[in-house]
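This is my_file_21.cif (mmCIF, C-alpha atoms).
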data_work
loop_
_atom_site.label_atom_id
_atom_site.label_comp_id
_atom_site.auth_asym_id
_atom_site.auth_seq_id
_atom_site.Cartn_x
_atom_site.Cartn_y
_atom_site.Cartn_z
CA MET A 1 0.00 0.00 0.00
CA ASN A 2 1.49 3.32 -1.00
CA SER A 3 1.56 6.45 1.14
CA ASN A 4 -1.40 7.99 -0.71
CA HIS A 5 -3.58 4.98 0.12
CA ARG A 6 -2.33 4.96 3.72
CA ASN A 7 -2.99 8.69 4.11
CA ARG A 8 -6.52 8.34 2.71
CA ILE A 9 -7.48 5.51 5.04
CA ASP A 10 -5.81 7.19 8.04
CA LYS A 11 -7.68 10.44 7.36
CA ALA A 12 -11.01 8.61 6.99
CA ILE A 13 -10.51 6.81 10.32
CA VAL A 14 -9.38 9.97 12.12
CA ASP A 15 -12.43 11.80 10.74
CA LEU A 16 -14.67 8.98 11.99
CA ILE A 17 -13.13 9.08 15.47
CA ASN A 18 -13.36 12.88 15.64
CA ASP A 19 -17.00 12.83 14.55
CA VAL A 20 -18.00 10.19 17.11
CA TYR A 21 -16.03 12.04 19.77
CA LYS A 22 -17.84 15.30 19.06
CA THR A 23 -21.29 13.74 18.82
CA HIS A 24 -21.12 11.19 21.64
CA LEU A 25 -17.91 10.62 23.55
CA ARG A 26 -17.34 14.24 24.56
CA LYS A 27 -20.74 14.37 26.25
CA MET A 28 -20.01 11.09 27.99
CA GLN A 29 -16.66 12.49 29.08
CA SER A 30 -18.33 15.57 30.53
CA GLU A 31 -20.89 13.43 32.36
CA MET A 32 -18.09 11.27 33.76
CA HIS A 33 -16.27 14.29 35.18
CA LEU A 34 -19.44 15.78 36.68
CA CYS A 35 -20.28 12.44 38.26
CA ALA A 36 -16.74 12.11 39.64
CA ALA A 37 -16.90 15.63 41.08
CA ASN A 38 -20.16 14.69 42.82
CA CYS A 39 -18.41 11.65 44.30
CA CYS A 40 -15.79 13.93 45.82
CA ASP A 41 -18.36 16.43 47.09
CA ASP A 42 -20.68 13.90 48.75
CA LEU A 43 -19.08 13.53 52.18
CA TYR A 44 -22.03 11.66 53.69
CA ARG A 45 -22.58 8.87 51.16
CA GLN A 46 -18.87 8.56 50.31
CA PRO A 47 -17.16 8.88 53.70
CA SER A 48 -13.93 7.02 52.93
CA MET A 49 -11.26 7.33 50.30
CA ASP A 50 -12.12 3.82 49.01
CA ASN A 51 -15.79 4.79 48.67
CA VAL A 52 -14.87 7.89 46.70
CA GLN A 53 -12.49 5.94 44.46
CA GLY A 54 -15.14 3.29 43.80
CA CYS A 55 -17.69 5.97 42.98
CA ILE A 56 -15.26 7.64 40.55
CA GLU A 57 -14.55 4.30 38.86
CA ASP A 58 -18.28 3.72 38.47
CA CYS A 59 -18.57 7.14 36.83
CA ALA A 60 -15.86 6.24 34.33
CA GLY A 61 -17.48 2.92 33.39
CA PRO A 62 -19.79 4.08 30.59
CA LEU A 63 -17.07 6.06 28.83
CA LEU A 64 -14.57 3.24 29.17
CA ARG A 65 -17.06 0.75 27.73
CA ALA A 66 -17.79 3.12 24.85
CA GLN A 67 -14.09 3.51 24.14
CA ASP A 68 -13.58 -0.26 24.32
CA TYR A 69 -16.48 -0.76 21.91
CA MET A 70 -15.04 1.74 19.44
CA GLN A 71 -11.57 0.25 19.72
CA HIS A 72 -12.99 -3.22 19.08
CA GLU A 73 -14.95 -2.06 16.02
CA LEU A 74 -11.97 -0.18 14.60
CA GLY A 75 -9.76 -3.20 15.20
CA GLN A 76 -12.23 -5.40 13.32
CA PHE A 77 -12.30 -2.88 10.47
CA GLN A 78 -8.51 -2.71 10.29
CA GLY A 79 -8.28 -6.50 10.38
CA ARG A 80 -10.64 -6.84 7.43
CA LEU A 81 -8.72 -4.17 5.52
CA ARG A 82 -5.44 -5.95 6.31
CA ASN A 83 -6.92 -9.23 5.03
CA CYS A 84 -7.92 -7.53 1.79
CA LEU A 85 -4.39 -6.16 1.38
CA MET A 86 -2.85 -9.56 2.13
CA GLN A 87 -5.13 -11.10 -0.48
CA CYS A 88 -3.79 -8.57 -3.01
CA ASN A 89 -0.27 -9.60 -2.11
CA ASP A 90 -1.10 -13.30 -2.41
CA ASP A 91 -2.90 -12.83 -5.72
CA VAL A 92 -0.09 -10.86 -7.33
CA ARG A 93 2.64 -13.16 -5.99
CA GLY A 94 0.69 -16.10 -7.39
CA ARG A 95 0.84 -14.54 -10.87
CA ILE A 96 4.59 -13.98 -10.90
CA PRO A 97 6.32 -16.77 -12.80
CA SER A 98 9.63 -18.06 -11.47
CA SER A 99 11.41 -16.89 -14.62
CA THR A 100 10.38 -13.24 -14.21
CA GLN A 101 12.92 -10.64 -15.19
CA PRO A 102 13.52 -7.70 -12.83
CA SER A 103 12.17 -5.37 -15.54
CA ASP A 104 8.83 -7.26 -15.44
CA LEU A 105 8.40 -6.70 -11.69
CA THR A 106 7.09 -3.18 -12.34
CA THR A 107 4.02 -4.69 -13.97
CA TYR A 108 3.31 -6.79 -10.89
CA ALA A 109 3.99 -3.88 -8.55
CA ASN A 110 1.43 -1.84 -10.52
CA GLN A 111 -1.10 -4.68 -10.24
CA PHE A 112 -0.50 -4.78 -6.49
CA GLU A 113 -1.00 -1.01 -6.16
CA LEU A 114 -4.19 -1.19 -8.21
CA CYS A 115 -5.54 -3.96 -5.99
CA THR A 116 -4.60 -2.20 -2.76
CA GLY A 117 -6.23 0.98 -4.07
CA GLN A 118 -9.42 -0.98 -4.64
CA CYS A 119 -9.26 -2.32 -1.06
CA VAL A 120 -8.79 1.19 0.32
CA ASP A 121 -11.67 2.53 -1.78
CA LYS A 122 -13.93 -0.31 -0.66
CA TYR A 123 -13.17 0.13 3.03
CA ILE A 124 -13.37 3.92 2.95
CA GLY A 125 -16.80 3.39 1.41
CA LEU A 126 -17.79 1.25 4.41
CA ILE A 127 -16.85 3.89 6.99
CA PRO A 128 -20.12 5.89 6.87
CA LYS A 129 -22.15 2.75 7.65
CA MET A 130 -19.75 1.81 10.43
CA MET A 131 -20.01 5.33 11.86
CA ASN A 132 -23.81 5.20 11.82
CA THR A 133 -23.75 1.83 13.56
CA MET A 134 -21.33 3.11 16.21
CA LYS A 135 -23.48 6.17 16.84
CA SER A 136 -26.59 4.04 17.09
CA VAL A 137 -24.96 1.73 19.64
CA LEU A 138 -23.59 4.66 21.65
CA GLU A 139 -27.02 6.32 21.69
CA LYS A 140 -28.50 3.21 23.27
CA GLY A 141 -26.15 3.60 26.20
CA PRO A 142 -23.47 1.64 28.00
CA ASN A 143 -25.67 -1.35 28.87
CA ILE A 144 -26.09 -2.26 25.19
CA MET A 145 -22.30 -2.32 24.80
CA ASP A 146 -22.05 -4.91 27.58
CA GLN A 147 -24.10 -7.23 25.38
CA MET A 148 -21.79 -6.90 22.37
#

Using the file provided, produce a representation of the structure as structure tokens.
Amino acid sequence: MNSNHRNRIDKAIVDLINDVYKTHLRKMQSEMHLCAANCCDDLYRQPSMDNVQGCIEDCAGPLLRAQDYMQHELGQFQGRLRNCLMQCNDDVRGRIPSSTQPSDLTTYANQFELCTGQCVDKYIGLIPKMMNTMKSVLEKGPNIMDQM
């Protein structure tokens, strides 16, 4: 995969993460901090340091589960993209005869770049659906992520 393909897929993933952060995770982050501040302020229900720490950890739970969910989904996406790229490599290597001259390798390198470009295009095209799915799951709340 050339640097243009890598830059395109990296930008698409960064844009996805930034969008989901702005629309969902940032609000969850704010709620987590407000909840944690309440844990520290509530001297009657949280009398000990351990109680306060447990309360703060509970506040962080939904955001951590959301981040784990996103990381899992992005890992699955990257794994499928990697498989596509490896298939390109296998396909092109399978076409190279043992008697290939070094001057002929350019043809195969071009075939590989064409195939990897098609993988990148395909997976960039899947990002909007993945983003909608992520947003839908995040809107349903942290309990739905426990079931995934």

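Candidate residues A:Thr133, A:Gln29, A:Ser48, A:Asn89 were compared for distance to Gln111 of chain A, and the nearest is A:Asn89, using only C-alpha atoms.
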
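Minimum distance to Lys27 of chain A across A:Ile127, A:Glu73, A:Gly117, A:Pro62 (counting all atoms listed in the file) occurs at A:Pro62.
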
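For the choices A:Arg95, A:Arg82, A:Arg26, A:Arg65, the atom-to-atom distance to Arg6 of chain A is smallest for A:Arg82 when using only C-alpha atoms.
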
Skip Lys122 of chain A itself and residues of its chain fewer than 5 positions away, then list as a VMD selection string all residues within 12 Å of it, counting all atoms listed in the file. chain A and resid 5 8 to 9 77 80 to 81 84 to 85 115 to 117 127 to 128

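Taking atom CA of Leu16 of chain A and atom CA of Met134 of chain A as the two end points, the separation is 9.8 Å.
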
Give, as lines of an AutoDock Vina configuration file, the centre coordinates and the x, y and z edge lengths in Å to one decimal for an axis-aligned box around all listed atoms of segment 83-96 of chain A, padded by 5 Å on each side.
center_x = -1.7
center_y = -11.1
center_z = -2.9
size_x = 22.5
size_y = 19.9
size_z = 25.9

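If you look at atom CA of Gly125 of chain A and atom CA of Ala12 of chain A, they are 9.6 Å away from each other.
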
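For the atom pair formed by atom CA of Lys11 of chain A and atom CA of Asp90 of chain A, the distance is 26.5 Å, given to one decimal.
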